[in-house]
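For reference, upload-v2.cif is printed below; it contains mmCIF, C-alpha atoms.
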data_my_file
loop_
_atom_site.label_atom_id
_atom_site.label_comp_id
_atom_site.auth_asym_id
_atom_site.auth_seq_id
_atom_site.Cartn_x
_atom_site.Cartn_y
_atom_site.Cartn_z
CA MET W 451 0.00 0.00 0.00
CA PRO W 452 1.38 3.46 -0.88
CA ALA W 453 2.41 5.41 2.25
CA GLU W 454 0.03 8.22 1.29
CA ARG W 455 -2.93 5.85 1.23
CA PHE W 456 -1.91 4.44 4.60
CA PHE W 457 -1.88 7.85 6.24
CA ILE W 458 -5.33 8.71 4.90
CA TYR W 459 -6.72 5.47 6.35
CA LEU W 460 -4.91 6.15 9.62
CA ALA W 461 -6.29 9.68 9.87
CA VAL W 462 -9.88 8.55 9.31
CA MET W 463 -9.53 5.64 11.72
CA ALA W 464 -7.86 7.60 14.51
CA GLY W 465 -10.02 10.70 13.97
CA VAL W 466 -13.34 8.90 14.29
CA THR W 467 -12.12 6.86 17.25
CA TYR W 468 -10.83 9.94 19.06
CA LEU W 469 -13.88 12.15 18.51
CA ILE W 470 -16.32 9.49 19.61
CA ARG W 471 -14.80 9.20 23.05
CA ALA W 472 -13.30 12.62 23.71
CA LEU W 473 -16.28 14.79 22.68
CA PRO W 474 -18.87 13.31 25.08
CA PHE W 475 -16.31 13.48 27.89
CA ALA W 476 -15.46 17.10 27.11
CA LEU W 477 -19.01 18.32 26.47
CA CYS W 478 -20.94 16.56 29.23
CA GLN W 479 -20.02 18.73 32.19
CA SER W 480 -23.24 18.84 34.17
CA LYS W 481 -24.43 15.99 36.35
CA VAL W 482 -27.29 13.88 35.02
CA GLN W 483 -30.27 14.13 37.40
CA ASN W 484 -32.69 11.79 35.69
CA ARG W 485 -32.94 8.54 37.66
CA PHE W 486 -33.57 6.36 34.61
CA ILE W 487 -30.53 7.69 32.74
CA LYS W 488 -28.40 7.37 35.87
CA SER W 489 -29.47 3.75 36.28
CA PHE W 490 -28.90 3.08 32.58
CA LEU W 491 -25.37 4.49 32.74
CA TYR W 492 -24.65 2.49 35.88
CA TYR W 493 -25.31 -0.79 34.03
CA VAL W 494 -23.66 0.08 30.68
CA PRO W 495 -20.08 -0.98 31.49
CA TYR W 496 -21.06 -4.46 32.64
CA ALA W 497 -23.49 -4.90 29.75
CA VAL W 498 -20.87 -3.81 27.17
CA LEU W 499 -18.21 -6.13 28.52
CA ALA W 500 -20.65 -9.07 28.80
CA ALA W 501 -21.85 -8.56 25.22
CA MET W 502 -18.26 -8.35 23.95
CA THR W 503 -17.12 -11.41 25.87
CA PHE W 504 -19.92 -13.87 25.22
CA PRO W 505 -19.84 -15.82 23.00
CA ALA W 506 -16.70 -14.33 21.34
CA VAL W 507 -14.35 -15.64 24.05
CA ILE W 508 -14.97 -19.24 22.99
CA TYR W 509 -13.79 -18.44 19.45
CA SER W 510 -10.82 -16.29 20.42
CA THR W 511 -8.22 -19.02 19.88
CA ASP W 512 -7.60 -21.43 16.99
CA GLY W 513 -10.13 -24.17 17.66
CA ILE W 514 -13.12 -24.24 19.95
CA ILE W 515 -11.78 -26.78 22.49
CA PRO W 516 -8.84 -24.62 23.66
CA GLY W 517 -11.27 -21.68 23.65
CA ILE W 518 -13.69 -23.47 25.98
CA ALA W 519 -10.84 -24.59 28.25
CA GLY W 520 -9.50 -21.03 28.49
CA THR W 521 -12.98 -19.63 29.10
CA ALA W 522 -13.77 -22.12 31.87
CA THR W 523 -10.45 -21.47 33.58
CA GLY W 524 -10.90 -17.71 33.28
CA LEU W 525 -14.43 -17.87 34.71
CA LEU W 526 -13.24 -19.92 37.67
CA PHE W 527 -10.37 -17.55 38.51
CA ALA W 528 -12.55 -14.47 37.99
CA TYR W 529 -15.14 -15.97 40.35
CA LYS W 530 -12.40 -16.38 42.93
CA ARG W 531 -11.73 -12.61 42.57
CA LYS W 532 -8.24 -12.96 41.09
CA SER W 533 -6.68 -9.86 39.47
CA LEU W 534 -7.16 -8.79 35.83
CA LEU W 535 -3.67 -9.93 34.96
CA MET W 536 -3.97 -13.27 36.76
CA VAL W 537 -7.24 -14.15 35.01
CA ALA W 538 -5.82 -13.12 31.62
CA VAL W 539 -2.67 -15.19 32.10
CA VAL W 540 -4.35 -18.39 33.33
CA SER W 541 -6.89 -18.18 30.48
CA CYS W 542 -4.04 -18.03 27.95
CA ALA W 543 -2.11 -20.77 29.75
CA ALA W 544 -5.11 -23.11 29.80
CA ALA W 545 -5.88 -22.46 26.13
CA PHE W 546 -2.23 -23.02 25.22
CA ALA W 547 -1.96 -26.24 27.25
CA VAL W 548 -5.10 -27.68 25.66
CA GLU W 549 -3.91 -26.61 22.20
CA MET W 550 -0.66 -28.51 22.78
CA LEU W 551 -2.56 -31.50 24.10
CA CYS W 552 -4.85 -31.54 21.04
CA LYS W 553 -1.76 -31.61 18.81
CA LEU W 554 -0.23 -34.54 20.67
CA LEU W 555 -3.37 -36.67 20.56
CA MET J 592 -3.13 24.60 51.24
CA ASN J 593 -1.22 24.49 48.00
CA ASN J 594 1.10 21.90 49.45
CA VAL J 595 -1.74 19.71 50.67
CA ASN J 596 -3.21 19.76 47.19
CA ARG J 597 0.11 18.87 45.64
CA ILE J 598 0.51 15.87 47.92
CA LYS J 599 -2.98 14.69 47.08
CA ASN J 600 -2.30 15.09 43.35
CA VAL J 601 0.89 13.05 43.53
CA LYS J 602 -0.97 10.40 45.53
CA ASP J 603 -3.68 10.32 42.85
CA ILE J 604 -1.14 9.90 40.03
CA LYS J 605 0.52 7.05 41.93
CA LYS J 606 -2.78 5.35 42.62
CA GLY J 607 -3.76 5.58 38.95
CA PHE J 608 -0.35 4.33 37.90
CA HIS J 609 -0.71 1.34 40.23
CA ASP J 610 -4.23 0.52 38.99
CA GLY J 611 -3.00 0.73 35.39
CA ILE J 612 -0.24 -1.88 35.66
CA PRO J 613 -2.46 -4.99 35.40
CA ILE J 614 -4.27 -3.40 32.44
CA ALA J 615 -0.93 -2.71 30.76
CA LEU J 616 0.22 -6.30 31.19
CA GLY J 617 -3.05 -7.56 29.76
CA TYR J 618 -2.71 -5.15 26.84
CA ILE J 619 0.76 -6.40 25.97
CA SER J 620 -0.60 -9.83 25.08
CA VAL J 621 -3.47 -8.44 23.01
CA SER J 622 -1.42 -5.78 21.20
CA PHE J 623 1.29 -8.37 20.57
CA THR J 624 -1.33 -10.28 18.57
CA PHE J 625 -2.20 -7.08 16.71
CA GLY J 626 1.47 -6.51 15.91
CA ILE J 627 1.79 -10.01 14.46
CA MET J 628 -1.35 -9.55 12.37
CA GLY J 629 -0.36 -6.11 11.10
CA VAL J 630 2.92 -7.32 9.63
CA ALA J 631 1.33 -10.55 8.39
CA SER J 632 -1.23 -8.38 6.53
CA GLY J 633 1.53 -6.52 4.68
CA LEU J 634 2.03 -3.36 6.75
CA THR J 635 5.49 -2.39 7.92
CA TRP J 636 6.30 -2.63 11.63
CA TRP J 637 6.20 1.14 12.11
CA GLN J 638 2.86 1.48 10.34
CA THR J 639 1.42 -1.19 12.64
CA LEU J 640 2.88 0.57 15.68
CA LEU J 641 1.52 3.93 14.50
CA ILE J 642 -2.01 2.50 14.33
CA SER J 643 -1.74 1.37 17.96
CA MET J 644 -0.28 4.67 19.13
CA THR J 645 -2.97 6.79 17.51
CA ASN J 646 -6.02 4.57 18.08
CA LEU J 647 -5.61 2.72 21.39
CA THR J 648 -8.60 0.48 20.76
CA SER J 649 -8.65 -3.28 20.32
CA ALA J 650 -11.69 -4.28 18.27
CA GLY J 651 -11.58 -1.09 16.17
CA GLN J 652 -7.95 -1.62 15.21
CA PHE J 653 -8.44 -5.23 14.17
CA ALA J 654 -11.42 -4.24 12.03
CA GLY J 655 -9.58 -1.20 10.61
CA LEU J 656 -6.61 -3.35 9.66
CA GLY J 657 -8.94 -5.64 7.73
CA ILE J 658 -10.37 -2.70 5.79
CA MET J 659 -6.90 -1.33 4.99
CA VAL J 660 -5.56 -4.58 3.58
CA THR J 661 -8.67 -5.25 1.51
CA ALA J 662 -8.47 -1.65 0.20
CA GLY J 663 -11.94 -0.82 1.56
CA GLY J 664 -13.49 2.61 1.18
CA LEU J 665 -12.90 5.52 3.55
CA VAL J 666 -16.61 5.78 4.30
CA GLU J 667 -16.63 2.11 5.24
CA MET J 668 -13.63 2.74 7.46
CA ALA J 669 -15.31 5.69 9.18
CA MET J 670 -18.63 3.84 9.61
CA THR J 671 -16.98 0.73 11.00
CA GLN J 672 -14.93 2.67 13.53
CA PHE J 673 -18.00 4.66 14.47
CA VAL J 674 -20.13 1.61 15.13
CA ILE J 675 -17.51 -0.50 16.87
CA ASN J 676 -16.39 2.39 19.04
CA LEU J 677 -19.79 3.93 19.74
CA ARG J 678 -19.73 2.13 23.08
CA TYR J 679 -16.93 4.52 24.11
CA ALA J 680 -19.37 7.42 23.82
CA LEU J 681 -21.55 5.77 26.47
CA MET J 682 -18.54 5.16 28.69
CA SER J 683 -17.32 8.67 28.10
CA ILE J 684 -20.68 10.15 29.22
CA LEU J 685 -20.62 8.01 32.34
CA LEU J 686 -17.04 8.98 33.20
CA SER J 687 -17.90 12.65 32.66
CA GLN J 688 -20.30 12.21 35.58
CA LYS J 689 -17.50 10.97 37.81
CA ALA J 690 -14.91 13.57 36.80
CA ASP J 691 -14.18 16.06 39.57
CA LYS J 692 -13.43 19.79 39.40
CA SER J 693 -9.74 19.27 38.57
CA PHE J 694 -10.79 18.56 34.96
CA ASN J 695 -10.75 21.53 32.61
CA ILE J 696 -11.54 21.37 28.90
CA ILE J 697 -7.95 20.62 27.89
CA SER J 698 -7.53 17.75 30.34
CA ARG J 699 -10.92 16.38 29.29
CA LEU J 700 -9.85 16.41 25.63
CA LEU J 701 -6.58 14.68 26.56
CA ALA J 702 -8.10 12.11 28.91
CA GLY J 703 -10.80 11.34 26.34
CA PHE J 704 -8.16 9.71 24.17
CA GLY J 705 -7.44 7.17 26.89
CA ILE J 706 -10.96 5.90 27.53
CA THR J 707 -10.79 2.19 26.69
CA ASP J 708 -12.98 -0.65 27.95
CA GLU J 709 -10.59 -1.59 30.73
CA ILE J 710 -9.47 1.90 31.75
CA PHE J 711 -13.12 2.88 31.82
CA ALA J 712 -14.11 -0.18 33.85
CA VAL J 713 -11.42 0.46 36.46
CA ALA J 714 -12.18 4.20 36.70
CA ALA J 715 -15.96 3.65 36.77
CA SER J 716 -15.74 1.02 39.50
CA LYS J 717 -14.29 3.62 41.91
CA ASN J 718 -16.95 4.59 44.40
CA ARG J 719 -15.96 8.27 44.30
CA THR J 720 -15.16 11.05 41.86
CA ILE J 721 -11.96 10.84 39.85
CA SER J 722 -9.38 13.56 39.31
CA ARG J 723 -7.37 14.32 36.19
CA TYR J 724 -4.26 13.20 38.07
CA TYR J 725 -5.73 9.79 38.73
CA MET J 726 -6.78 9.49 35.06
CA ALA J 727 -3.32 10.51 33.82
CA GLY J 728 -1.67 7.87 36.01
CA LEU J 729 -4.23 5.26 34.98
CA ILE J 730 -3.79 5.85 31.24
CA LEU J 731 0.01 6.01 31.14
CA MET J 732 1.01 2.37 31.65
CA PRO J 733 -1.73 0.81 29.48
CA TYR J 734 -0.70 3.19 26.67
CA ILE J 735 2.94 2.16 26.96
CA GLY J 736 1.91 -1.50 27.20
CA TRP J 737 -0.33 -1.23 24.13
CA ALA J 738 2.39 0.45 22.05
CA SER J 739 5.30 -1.74 23.17
CA GLY J 740 3.28 -4.94 22.78
CA THR J 741 2.42 -3.95 19.21
CA ALA J 742 6.04 -3.18 18.41
CA ALA J 743 7.18 -6.50 19.90
CA GLY J 744 4.56 -8.46 17.97
CA ALA J 745 5.36 -6.66 14.72
CA LEU J 746 9.10 -7.24 15.08
CA LEU J 747 9.11 -10.72 16.64
CA GLY J 748 5.87 -12.14 15.24
CA GLU J 749 7.55 -14.49 12.81
CA VAL J 750 9.61 -16.29 15.42
CA ILE J 751 6.68 -16.92 17.81
CA PRO J 752 5.08 -20.39 17.53
CA ALA J 753 1.57 -20.22 16.06
CA ALA J 754 0.07 -22.12 19.01
CA LEU J 755 1.33 -19.48 21.43
CA SER J 756 0.09 -16.49 19.47
CA SER J 757 -3.29 -18.20 19.09
CA ALA J 758 -3.56 -18.76 22.86
CA LEU J 759 -2.80 -15.07 23.47
CA GLY J 760 -6.04 -14.18 21.66
CA ILE J 761 -8.06 -15.03 24.76
CA ALA J 762 -6.17 -12.61 27.04
CA ILE J 763 -8.42 -9.61 26.54
CA TYR J 764 -11.53 -11.66 27.38
CA GLY J 765 -9.81 -12.90 30.53
CA MET J 766 -9.56 -9.29 31.63
CA PHE J 767 -13.21 -8.64 30.82
CA MET J 768 -14.25 -11.67 32.86
CA ALA J 769 -12.12 -10.50 35.79
CA ILE J 770 -14.13 -7.25 35.78
CA ILE J 771 -17.69 -8.54 35.36
CA ILE J 772 -17.72 -11.88 37.20
CA PRO J 773 -16.89 -10.57 40.73
CA GLN J 774 -19.48 -7.81 40.19
CA ALA J 775 -22.08 -10.41 39.19
CA ARG J 776 -21.22 -12.38 42.29
CA ASP J 777 -21.74 -9.42 44.62
CA ASN J 778 -24.75 -7.78 43.02
CA HIS J 779 -27.68 -9.79 41.65
CA LYS J 780 -28.95 -6.77 39.68
CA CYS J 781 -25.69 -6.64 37.74
CA LEU J 782 -25.84 -10.40 37.34
CA VAL J 783 -29.23 -10.12 35.62
CA VAL J 784 -27.97 -7.33 33.33
CA ILE J 785 -24.86 -9.34 32.46
CA ILE J 786 -26.94 -12.44 31.67
CA ILE J 787 -29.31 -10.45 29.43
CA ALA J 788 -26.35 -8.93 27.55
CA ALA J 789 -24.58 -12.28 27.16
CA VAL J 790 -27.68 -14.21 26.08
CA SER J 791 -28.76 -11.57 23.55
CA SER J 792 -25.22 -11.45 22.18
CA CYS J 793 -25.36 -15.25 21.75
CA CYS J 794 -28.68 -14.87 19.88
CA PHE J 795 -26.95 -12.62 17.33
CA LYS J 796 -24.28 -15.25 16.89
CA TYR J 797 -26.45 -18.35 16.51
CA ILE J 798 -29.84 -17.31 15.11
CA PRO J 799 -30.01 -17.15 11.29
CA LEU J 800 -30.58 -13.62 9.87
CA LEU J 801 -29.56 -12.06 13.20
CA ASP J 802 -26.06 -13.42 12.54
CA ASN J 803 -25.72 -10.96 9.62
CA VAL J 804 -25.54 -7.98 11.96
CA SER J 805 -21.97 -6.65 12.24
CA SER J 806 -20.16 -7.18 15.53
CA GLY J 807 -20.02 -3.48 16.44
CA PHE J 808 -23.79 -3.13 16.15
CA VAL J 809 -24.33 -6.34 18.11
CA ILE J 810 -22.39 -4.94 21.07
CA ILE J 811 -24.36 -1.69 21.05
CA ILE J 812 -27.77 -3.35 20.65
CA CYS J 813 -27.12 -5.91 23.39
CA ALA J 814 -25.58 -3.40 25.79
CA VAL J 815 -28.43 -0.91 25.36
CA LEU J 816 -31.05 -3.65 25.68
CA ALA J 817 -29.51 -5.06 28.87
CA SER J 818 -28.87 -1.64 30.44
CA VAL J 819 -32.41 -0.44 29.70
CA ALA J 820 -33.74 -3.67 31.22
CA GLY J 821 -31.56 -3.03 34.27
CA ALA J 822 -32.71 0.58 34.58
CA VAL J 823 -36.39 -0.47 34.31
CA LEU J 824 -36.19 -3.49 36.61
CA TYR J 825 -33.74 -2.14 39.17
CA PRO J 826 -33.41 1.65 39.19
CA VAL J 827 -30.29 2.70 41.05
CA GLU J 828 -30.96 4.20 44.50
CA GLU J 829 -29.86 7.80 44.89
CA THR J 830 -27.33 6.84 47.54
CA GLU J 831 -25.95 3.83 45.68
CA GLU J 832 -23.63 5.45 43.18
CA GLU J 833 -21.92 8.24 45.10
#
How does this structure look as structure tokens?
Amino acid sequence: MPAERFFIYLAVMAGVTYLIRALPFALCQSKVQNRFIKSFLYYVPYAVLAAMTFPAVIYSTDGIIPGIAGTATGLLFAYKRKSLLMVAVVSCAAAFAVEMLCKLL
Amino acid sequence: MNNVNRIKNVKDIKKGFHDGIPIALGYISVSFTFGIMGVASGLTWWQTLLISMTNLTSAGQFAGLGIMVTAGGLVEMAMTQFVINLRYALMSILLSQKADKSFNIISRLLAGFGITDEIFAVAASKNRTISRYYMAGLILMPYIGWASGTAAGALLGEVIPAALSSALGIAIYGMFMAIIIPQARDNHKCLVVIIIAAVSSCCFKYIPLLDNVSSGFVIIICAVLASVAGAVLYPVEETEEE
């Protein structure tokens, strides 16, 4: 790809991504009073992360069996309140171990 | 007085810095994967790195890379980024409610760049207002992690065994689970919202016709549906969120 073309793509990509998150943060300076909107905003982060994670997590590695193994391990460690890093690492480790195992069998 | 403020600001930066370290480590694995893919798709290592340094978004970057290498249109690029990243607008509005008086317009425009799923989740889960010093500390390490992971993946990608780079793909979801599962355990209202979001997201994956909807739209539709359900079923008490 010509360098020029790359920079045009980059500008569009970065520009849209930046504006979409910086503008609401910069412009919304008064506190929301409406109880419904407050409640809605309270639940958004968990809903977004849940929708992004399930079912995509199962397909995030090559092959569904390592994906399921990594997911199950991650769920267990998350339930036990382990840190972000810990849960991420054990999920990868479980997926990797099962991937290796699948190759051997 | 001035001195007291300064001590508090330094404390806030340190606290943010500390909270950002696990996010940064998680980001390294995900951005490493992006680095490998960028070079494998025909970009140079510095082009791949530049995407990470200017975008700082996981799903959007992977989708954008796909559009670049297939020579997609600029409108398609803009639309895709808009839809996939629209969730950040919701997060950004919520964080604006938690931002304290230390934020002026400049610091808001700067901090806005660093609102990612994980940085947002960590900042939003604080039971008090957040200062610009805390946000600066919180964003720093994940940004460095995201950039350095991309560079490492782009430069070393070819010598990493395929099985390992495949296993790294699950890392980002591990972080998401570490955020939502303990919350679901403690709060049955959040549990219901999480289940609604997850089940509706599965519907878009497995039900014919619904599976044509692009992934960015699926996230928005499911998140709005589940959050509206939560707001209708369990309105937040006035005292609960401060």
(request) Kindly determine which residues of chain J lie within 6 Å of chain W, considering only C-alpha atoms, and give the answer as a PyMOL selection string. (result) chain J and resi 613+617+645-646+679-680+683-685+687-688+699-700+703-704+757-762+764-766+769+771-773+785+788-789+792-793+810+814+818-819+822+826-827
(request) Identify, on the basis of all atoms listed in the file, every residue whose closest approach to region 729-731 of chain J does not exceed 12 Å; exclude the query and any residue fewer than 5 positions from it along the same chain; express the result as JSON, numbers by chain. (result) {"J": [603, 604, 605, 606, 607, 608, 609, 610, 611, 612, 613, 614, 615, 618, 647, 701, 702, 703, 704, 705, 706, 707, 708, 709, 710, 711, 712, 713, 714, 715, 721, 722, 723, 724, 736, 737, 738]}
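The spacing separating CA of Phe808 (chain J) from CA of Gly664 (chain J) amounts to 19.1 Å.
Atom pair CA of Gly728 (chain J) / CA of Lys599 (chain J): separated by 13.1 Å.
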(request) Using all atoms listed in the file, pick whichever of J:Met670, J:Asn676, J:Cys781, J:Ile751 has the shortest atom-to-atom distance to Ala820 (chain J). (result) J:Cys781
(request) Measure the distance from CA of Gly663 (chain J) to CA of Ser649 (chain J) in Å and round it to one decimal. (result) 19.2 Å
(message) The residues within 7 Å of (0.8, -6.2, 1.9), using all atoms listed in the file and the coordinates of the file, should be reported as a VMD selection string; which are they?
(response) (chain W and resid 451) or (chain J and resid 632 to 634 660)
Please enclose the listed atoms of region 805-822 of chain J in an axis-aligned box, pad each side by 4 Å, and write out the centre and the three edge lengths in Å, rounded to one decimal, as lines of an AutoDock Vina configuration file.
center_x = -26.9
center_y = -3.3
center_z = 23.4
size_x = 21.7
size_y = 15.8
size_z = 30.3
(request) Go through J:Lys602, J:Leu816, J:Phe623, J:Ser716 and flag the residue nearest Met682 (chain J), using all atoms listed in the file for the distances. (result) J:Ser716
